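Data file: input31.cif. Format and content: mmCIF, N, CA and C atoms.
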```
data_work
loop_
_atom_site.label_atom_id
_atom_site.label_comp_id
_atom_site.auth_asym_id
_atom_site.auth_seq_id
_atom_site.Cartn_x
_atom_site.Cartn_y
_atom_site.Cartn_z
N MET A 552 -2.44 18.74 17.89
CA MET A 552 -1.96 18.59 16.51
C MET A 552 -2.99 19.19 15.57
N SER A 553 -2.57 20.07 14.69
CA SER A 553 -3.51 20.69 13.76
C SER A 553 -3.83 19.73 12.63
N SER A 554 -4.95 19.95 11.97
CA SER A 554 -5.36 19.04 10.91
C SER A 554 -4.38 19.08 9.73
N SER A 555 -3.62 20.17 9.60
CA SER A 555 -2.67 20.24 8.50
C SER A 555 -1.53 19.24 8.69
N GLU A 556 -1.39 18.72 9.89
CA GLU A 556 -0.35 17.74 10.14
C GLU A 556 -0.85 16.31 10.02
N LYS A 557 -2.08 16.19 9.57
CA LYS A 557 -2.64 14.84 9.35
C LYS A 557 -2.95 14.64 7.87
N VAL A 558 -2.83 13.41 7.44
CA VAL A 558 -3.21 13.05 6.08
C VAL A 558 -4.14 11.86 6.17
N ARG A 559 -4.85 11.63 5.10
CA ARG A 559 -5.66 10.41 5.00
C ARG A 559 -5.21 9.70 3.73
N ALA A 560 -5.09 8.40 3.80
CA ALA A 560 -4.58 7.68 2.63
C ALA A 560 -5.17 6.28 2.56
N SER A 561 -5.14 5.76 1.34
CA SER A 561 -5.45 4.35 1.08
C SER A 561 -4.19 3.76 0.46
N HIS A 562 -4.03 2.46 0.61
CA HIS A 562 -2.86 1.85 -0.01
C HIS A 562 -3.17 0.44 -0.47
N ILE A 563 -2.28 -0.06 -1.33
CA ILE A 563 -2.28 -1.46 -1.71
C ILE A 563 -0.91 -1.99 -1.31
N LEU A 564 -0.91 -3.02 -0.50
CA LEU A 564 0.33 -3.64 -0.02
C LEU A 564 0.48 -5.01 -0.67
N ILE A 565 1.65 -5.25 -1.24
CA ILE A 565 1.98 -6.59 -1.71
C ILE A 565 3.19 -7.06 -0.89
N LYS A 566 2.99 -8.15 -0.18
CA LYS A 566 4.08 -8.70 0.64
C LYS A 566 4.98 -9.60 -0.22
N HIS A 567 6.20 -9.81 0.27
CA HIS A 567 7.16 -10.65 -0.47
C HIS A 567 8.10 -11.31 0.53
N GLN A 568 9.07 -12.03 -0.01
CA GLN A 568 10.01 -12.80 0.83
C GLN A 568 10.68 -11.95 1.90
N GLY A 569 10.91 -10.68 1.60
CA GLY A 569 11.61 -9.80 2.54
C GLY A 569 10.69 -9.13 3.55
N SER A 570 9.39 -9.41 3.48
CA SER A 570 8.44 -8.76 4.39
C SER A 570 8.62 -9.26 5.81
N ARG A 571 8.38 -8.36 6.75
CA ARG A 571 8.54 -8.67 8.16
C ARG A 571 7.59 -9.80 8.59
N ARG A 572 6.32 -9.70 8.19
CA ARG A 572 5.35 -10.76 8.50
C ARG A 572 4.91 -11.41 7.21
N LYS A 573 5.21 -12.69 7.07
CA LYS A 573 4.94 -13.37 5.80
C LYS A 573 3.59 -14.09 5.79
N SER A 574 2.56 -13.42 6.33
CA SER A 574 1.22 -13.97 6.20
C SER A 574 0.26 -12.80 6.08
N SER A 575 -0.91 -13.07 5.57
CA SER A 575 -1.92 -12.02 5.45
C SER A 575 -3.28 -12.69 5.34
N TRP A 576 -4.33 -11.87 5.31
CA TRP A 576 -5.68 -12.42 5.18
C TRP A 576 -5.81 -13.21 3.87
N LYS A 577 -5.04 -12.83 2.86
CA LYS A 577 -5.10 -13.51 1.56
C LYS A 577 -4.31 -14.82 1.57
N ASP A 578 -3.33 -14.87 2.44
CA ASP A 578 -2.36 -15.98 2.44
C ASP A 578 -1.99 -16.32 3.88
N PRO A 579 -2.94 -16.91 4.63
CA PRO A 579 -2.76 -17.10 6.08
C PRO A 579 -1.52 -17.90 6.46
N ASP A 580 -1.13 -18.88 5.62
CA ASP A 580 0.07 -19.65 5.99
C ASP A 580 1.33 -19.10 5.32
N GLY A 581 1.18 -18.06 4.52
CA GLY A 581 2.35 -17.36 3.97
C GLY A 581 3.08 -18.08 2.85
N ARG A 582 2.48 -19.13 2.31
CA ARG A 582 3.18 -19.89 1.26
C ARG A 582 3.45 -19.05 0.01
N ALA A 583 2.41 -18.37 -0.46
CA ALA A 583 2.57 -17.55 -1.68
C ALA A 583 3.51 -16.38 -1.42
N ILE A 584 3.37 -15.74 -0.26
CA ILE A 584 4.23 -14.59 0.07
C ILE A 584 5.69 -15.02 0.12
N SER A 585 5.96 -16.16 0.75
CA SER A 585 7.35 -16.64 0.87
C SER A 585 7.94 -16.99 -0.48
N ALA A 586 7.09 -17.26 -1.46
CA ALA A 586 7.57 -17.63 -2.80
C ALA A 586 7.65 -16.41 -3.74
N THR A 587 7.24 -15.24 -3.24
CA THR A 587 7.21 -14.04 -4.08
C THR A 587 8.46 -13.20 -3.84
N THR A 588 9.20 -12.91 -4.90
CA THR A 588 10.37 -12.03 -4.76
C THR A 588 9.90 -10.58 -4.71
N ARG A 589 10.77 -9.69 -4.25
CA ARG A 589 10.43 -8.27 -4.24
C ARG A 589 10.14 -7.81 -5.67
N GLU A 590 10.93 -8.28 -6.62
CA GLU A 590 10.76 -7.88 -8.03
C GLU A 590 9.37 -8.27 -8.54
N GLU A 591 8.92 -9.48 -8.19
CA GLU A 591 7.59 -9.93 -8.61
C GLU A 591 6.51 -9.06 -7.97
N ALA A 592 6.70 -8.74 -6.68
CA ALA A 592 5.73 -7.90 -5.97
C ALA A 592 5.65 -6.53 -6.62
N VAL A 593 6.82 -5.97 -6.97
CA VAL A 593 6.86 -4.65 -7.60
C VAL A 593 6.17 -4.69 -8.96
N SER A 594 6.42 -5.72 -9.76
CA SER A 594 5.80 -5.72 -11.09
C SER A 594 4.28 -5.92 -10.99
N GLN A 595 3.83 -6.69 -10.01
CA GLN A 595 2.39 -6.82 -9.74
C GLN A 595 1.78 -5.45 -9.43
N LEU A 596 2.44 -4.71 -8.53
CA LEU A 596 1.95 -3.39 -8.14
C LEU A 596 1.98 -2.41 -9.30
N GLN A 597 3.03 -2.47 -10.10
CA GLN A 597 3.12 -1.55 -11.25
C GLN A 597 1.97 -1.79 -12.22
N ALA A 598 1.60 -3.05 -12.40
CA ALA A 598 0.48 -3.38 -13.29
C ALA A 598 -0.83 -2.83 -12.70
N LEU A 599 -1.02 -2.96 -11.38
CA LEU A 599 -2.22 -2.44 -10.73
C LEU A 599 -2.27 -0.92 -10.87
N ARG A 600 -1.12 -0.29 -10.66
CA ARG A 600 -1.02 1.18 -10.74
C ARG A 600 -1.39 1.65 -12.15
N ARG A 601 -0.90 0.93 -13.16
CA ARG A 601 -1.23 1.28 -14.55
C ARG A 601 -2.74 1.20 -14.79
N ASP A 602 -3.36 0.13 -14.28
CA ASP A 602 -4.82 -0.04 -14.45
C ASP A 602 -5.59 1.10 -13.79
N ILE A 603 -5.11 1.55 -12.64
CA ILE A 603 -5.78 2.65 -11.93
C ILE A 603 -5.61 3.95 -12.73
N LEU A 604 -4.37 4.24 -13.13
CA LEU A 604 -4.09 5.50 -13.83
C LEU A 604 -4.77 5.57 -15.19
N SER A 605 -4.94 4.42 -15.83
CA SER A 605 -5.59 4.40 -17.15
C SER A 605 -7.11 4.46 -17.02
N GLY A 606 -7.61 4.29 -15.80
CA GLY A 606 -9.06 4.32 -15.60
C GLY A 606 -9.72 2.96 -15.79
N ASP A 607 -8.93 1.90 -16.03
CA ASP A 607 -9.49 0.56 -16.23
C ASP A 607 -10.04 -0.04 -14.93
N ALA A 608 -9.54 0.44 -13.80
CA ALA A 608 -9.99 -0.11 -12.52
C ALA A 608 -9.88 0.97 -11.45
N SER A 609 -10.66 0.83 -10.39
CA SER A 609 -10.58 1.82 -9.31
C SER A 609 -9.59 1.35 -8.26
N PHE A 610 -8.96 2.31 -7.61
CA PHE A 610 -8.01 2.02 -6.53
C PHE A 610 -8.69 1.13 -5.49
N LYS A 611 -9.91 1.53 -5.12
CA LYS A 611 -10.66 0.83 -4.07
C LYS A 611 -10.89 -0.65 -4.42
N ASP A 612 -11.32 -0.89 -5.67
CA ASP A 612 -11.60 -2.27 -6.09
C ASP A 612 -10.32 -3.11 -6.09
N LEU A 613 -9.25 -2.54 -6.62
CA LEU A 613 -8.00 -3.31 -6.69
C LEU A 613 -7.42 -3.54 -5.29
N ALA A 614 -7.56 -2.56 -4.41
CA ALA A 614 -7.10 -2.74 -3.03
C ALA A 614 -7.88 -3.88 -2.37
N SER A 615 -9.20 -3.89 -2.59
CA SER A 615 -10.04 -4.94 -1.99
C SER A 615 -9.63 -6.32 -2.45
N GLN A 616 -9.23 -6.43 -3.73
CA GLN A 616 -8.89 -7.73 -4.29
C GLN A 616 -7.45 -8.16 -4.04
N HIS A 617 -6.53 -7.20 -4.05
CA HIS A 617 -5.11 -7.56 -4.10
C HIS A 617 -4.27 -7.21 -2.88
N SER A 618 -4.70 -6.23 -2.07
CA SER A 618 -3.84 -5.78 -0.98
C SER A 618 -3.73 -6.85 0.10
N HIS A 619 -2.51 -7.03 0.63
CA HIS A 619 -2.29 -7.97 1.72
C HIS A 619 -2.56 -7.35 3.09
N CYS A 620 -2.93 -6.08 3.11
CA CYS A 620 -3.23 -5.41 4.38
C CYS A 620 -4.69 -5.66 4.75
N SER A 621 -4.98 -5.70 6.04
CA SER A 621 -6.37 -5.89 6.46
C SER A 621 -7.24 -4.71 6.04
N SER A 622 -6.62 -3.58 5.68
CA SER A 622 -7.39 -2.43 5.19
C SER A 622 -8.06 -2.74 3.85
N ALA A 623 -7.71 -3.87 3.23
CA ALA A 623 -8.32 -4.26 1.95
C ALA A 623 -9.84 -4.28 2.06
N LYS A 624 -10.36 -4.70 3.21
CA LYS A 624 -11.82 -4.77 3.34
C LYS A 624 -12.46 -3.38 3.39
N ARG A 625 -11.65 -2.34 3.52
CA ARG A 625 -12.15 -0.96 3.43
C ARG A 625 -11.64 -0.30 2.14
N GLY A 626 -11.31 -1.10 1.14
CA GLY A 626 -10.81 -0.55 -0.11
C GLY A 626 -9.43 0.07 0.03
N GLY A 627 -8.70 -0.38 1.04
CA GLY A 627 -7.34 0.11 1.26
C GLY A 627 -7.25 1.32 2.18
N ASP A 628 -8.40 1.80 2.65
CA ASP A 628 -8.43 3.03 3.47
C ASP A 628 -7.78 2.81 4.83
N LEU A 629 -6.78 3.65 5.12
CA LEU A 629 -6.09 3.59 6.42
C LEU A 629 -6.61 4.64 7.39
N GLY A 630 -7.53 5.48 6.92
CA GLY A 630 -8.00 6.57 7.78
C GLY A 630 -6.96 7.68 7.85
N SER A 631 -7.11 8.55 8.85
CA SER A 631 -6.19 9.68 9.00
C SER A 631 -5.05 9.30 9.93
N PHE A 632 -3.89 9.88 9.65
CA PHE A 632 -2.75 9.67 10.54
C PHE A 632 -1.82 10.87 10.48
N GLY A 633 -1.07 11.03 11.54
CA GLY A 633 -0.10 12.12 11.62
C GLY A 633 1.31 11.59 11.47
N ARG A 634 2.26 12.48 11.59
CA ARG A 634 3.66 12.07 11.50
C ARG A 634 4.02 11.18 12.69
N GLY A 635 4.86 10.18 12.43
CA GLY A 635 5.32 9.31 13.51
C GLY A 635 4.42 8.10 13.74
N GLN A 636 3.32 7.98 12.98
CA GLN A 636 2.40 6.85 13.19
C GLN A 636 2.62 5.70 12.21
N MET A 637 3.27 5.99 11.09
CA MET A 637 3.52 4.97 10.07
C MET A 637 5.02 4.80 9.90
N GLN A 638 5.42 3.71 9.21
CA GLN A 638 6.84 3.56 8.92
C GLN A 638 7.29 4.76 8.10
N LYS A 639 8.52 5.21 8.38
CA LYS A 639 9.04 6.46 7.82
C LYS A 639 8.88 6.58 6.29
N PRO A 640 9.27 5.59 5.50
CA PRO A 640 9.15 5.76 4.05
C PRO A 640 7.69 5.95 3.62
N PHE A 641 6.78 5.27 4.31
CA PHE A 641 5.35 5.36 4.00
C PHE A 641 4.84 6.76 4.34
N GLU A 642 5.21 7.22 5.52
CA GLU A 642 4.81 8.56 5.97
C GLU A 642 5.32 9.63 5.00
N GLU A 643 6.60 9.56 4.66
CA GLU A 643 7.19 10.58 3.80
C GLU A 643 6.52 10.60 2.43
N ALA A 644 6.27 9.42 1.88
CA ALA A 644 5.63 9.34 0.56
C ALA A 644 4.22 9.93 0.62
N THR A 645 3.48 9.62 1.67
CA THR A 645 2.10 10.09 1.78
C THR A 645 2.04 11.61 1.93
N PHE A 646 2.87 12.15 2.81
CA PHE A 646 2.87 13.60 3.02
C PHE A 646 3.33 14.36 1.77
N ALA A 647 4.11 13.71 0.91
CA ALA A 647 4.60 14.37 -0.31
C ALA A 647 3.55 14.41 -1.42
N LEU A 648 2.52 13.56 -1.32
CA LEU A 648 1.49 13.50 -2.36
C LEU A 648 0.48 14.63 -2.19
N LYS A 649 -0.11 15.03 -3.30
CA LYS A 649 -1.28 15.91 -3.24
C LYS A 649 -2.51 15.01 -3.15
N ILE A 650 -3.61 15.54 -2.67
CA ILE A 650 -4.84 14.76 -2.55
C ILE A 650 -5.24 14.24 -3.93
N GLY A 651 -5.52 12.94 -4.01
CA GLY A 651 -5.90 12.31 -5.27
C GLY A 651 -4.73 11.72 -6.04
N GLU A 652 -3.51 12.06 -5.63
CA GLU A 652 -2.33 11.52 -6.32
C GLU A 652 -1.99 10.13 -5.81
N ILE A 653 -1.36 9.35 -6.69
CA ILE A 653 -0.94 7.99 -6.35
C ILE A 653 0.58 7.92 -6.43
N SER A 654 1.17 7.34 -5.40
CA SER A 654 2.63 7.28 -5.32
C SER A 654 3.21 6.28 -6.31
N ASP A 655 4.52 6.37 -6.50
CA ASP A 655 5.25 5.29 -7.13
C ASP A 655 5.38 4.19 -6.07
N ILE A 656 6.18 3.18 -6.37
CA ILE A 656 6.38 2.07 -5.43
C ILE A 656 7.09 2.57 -4.17
N VAL A 657 6.55 2.23 -3.01
CA VAL A 657 7.16 2.59 -1.73
C VAL A 657 7.51 1.30 -1.00
N ASP A 658 8.77 1.22 -0.56
CA ASP A 658 9.26 0.03 0.17
C ASP A 658 9.21 0.27 1.67
N THR A 659 8.64 -0.69 2.42
CA THR A 659 8.73 -0.65 3.89
C THR A 659 9.04 -2.07 4.36
N ASP A 660 9.19 -2.23 5.68
CA ASP A 660 9.41 -3.56 6.25
C ASP A 660 8.23 -4.48 5.99
N SER A 661 7.07 -3.91 5.71
CA SER A 661 5.87 -4.71 5.49
C SER A 661 5.83 -5.31 4.08
N GLY A 662 6.44 -4.61 3.13
CA GLY A 662 6.41 -5.05 1.73
C GLY A 662 6.48 -3.83 0.83
N VAL A 663 5.87 -3.95 -0.36
CA VAL A 663 5.84 -2.81 -1.29
C VAL A 663 4.41 -2.29 -1.40
N HIS A 664 4.29 -0.98 -1.52
CA HIS A 664 2.99 -0.32 -1.50
C HIS A 664 2.87 0.63 -2.67
N ILE A 665 1.61 0.91 -3.07
CA ILE A 665 1.29 2.17 -3.74
C ILE A 665 0.28 2.84 -2.82
N ILE A 666 0.40 4.15 -2.74
CA ILE A 666 -0.39 4.93 -1.79
C ILE A 666 -1.18 5.98 -2.55
N MET A 667 -2.43 6.14 -2.20
CA MET A 667 -3.22 7.24 -2.74
C MET A 667 -3.61 8.13 -1.57
N ARG A 668 -3.23 9.39 -1.66
CA ARG A 668 -3.62 10.33 -0.62
C ARG A 668 -5.05 10.76 -0.85
N THR A 669 -5.87 10.65 0.17
CA THR A 669 -7.29 10.97 0.00
C THR A 669 -7.73 12.15 0.86
N GLY A 670 -6.85 12.66 1.70
CA GLY A 670 -7.22 13.80 2.53
C GLY A 670 -6.03 14.38 3.24
#
```
Can the structure from this file be put into C-alpha cells for me?
Amino acid sequence: MSSSEKVRASHILIKHQGSRRKSSWKDPDGRAISATTREEAVSQLQALRRDILSGDASFKDLASQHSHCSSAKRGGDLGSFGRGQMQKPFEEATFALKIGEISDIVDTDSGVHIIMRTG
C-alpha cells in the first residue's frame, strides 16, 4: 500500500444513546452516555468545533478533555490508517479532508465525531 492511500487523523468522539458501546473512559458505567440524545451530542460537538475554529481552544486539548475515545489521552490522535480500517463514514470523511482541515459532524455506530486530518 502506498503512503498516498494512508491518512493520519485525530478525532473527538461524543457517544450517545444510539452508540454501539455505551461506556467510555469518561463514563465507565455509561449513565451519562445513555442519557445523552444524538442531538445533545451533536450540539456539544458543534460548540467544541466552534471553539477550535475560532482559535479559543486547540483540537488536542478539547479531545483530551471531551472525547469518549481512548485516543483522548493522545489528544485524539488515531495515527495512520488506510481504507477499510475505519467505519465507512469515518473513512470517507477523513479521506475527503485536506491536511489541517476539520470535518463537520460525522455519524458512525460509535457516536458522533469531528475529525481533523493531520497527515
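For the pair CA of Lys557 (chain A) and atom N of Lys624 (chain A), the interatomic distance is 21.9 Å.
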- Item | Atom pair atom N of Leu629 (chain A) / CA of Lys577 (chain A): separation (Å) |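 Those two atoms sit 17.6 Å apart.
Ranking A:His619, A:Arg600, A:His562, A:Arg589 by their shortest atom-to-atom distance to Trp576 (chain A), with only C-alpha atoms included, puts A:His619 first.
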- Considering all atoms listed in the file, return as an MDAnalysis selection string whatever protein or nucleic-acid residues lie within 7 Å of region 615-618 of chain A, sequence-local ones (same chain, fewer than 2 positions apart) excluded. chainID A and resid 562:566 577 610:613 620:627
- Message: I'd like the interatomic distance between CA of Gln568 (chain A) and CA of Thr587 (chain A), to a tenth of an Å.
- Response: 5.8 Å
- Task: List the residues matched by the PyMOL selection byres (((chain A and resi 638-647 and name CA) around 12) and name CA) in the displayed structure as a PyMOL selection string, ordered by chain and then by residue number.
- Result: chain A and resi 555-564+629+631-637+648-670
- Message: So that I can check the secondary structure, give me every residue of region 559-620 of chain A assigned strand (DSSP E or B) by backbone DSSP, as a PyMOL selection string.
- Response: chain A and resi 559-565
- Message: Under the PyMOL selection byres ((chain A and resi 585) around 6), which residues of this model are included? Write them out as a list of chain:residue names.
- Response: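 That expression, the PyMOL selection byres ((chain A and resi 585) around 6), corresponds here to A:His567, A:Gln568, A:Lys573, A:Gly581, A:Arg582, A:Ala583, A:Ile584, A:Ala586, A:Thr587.
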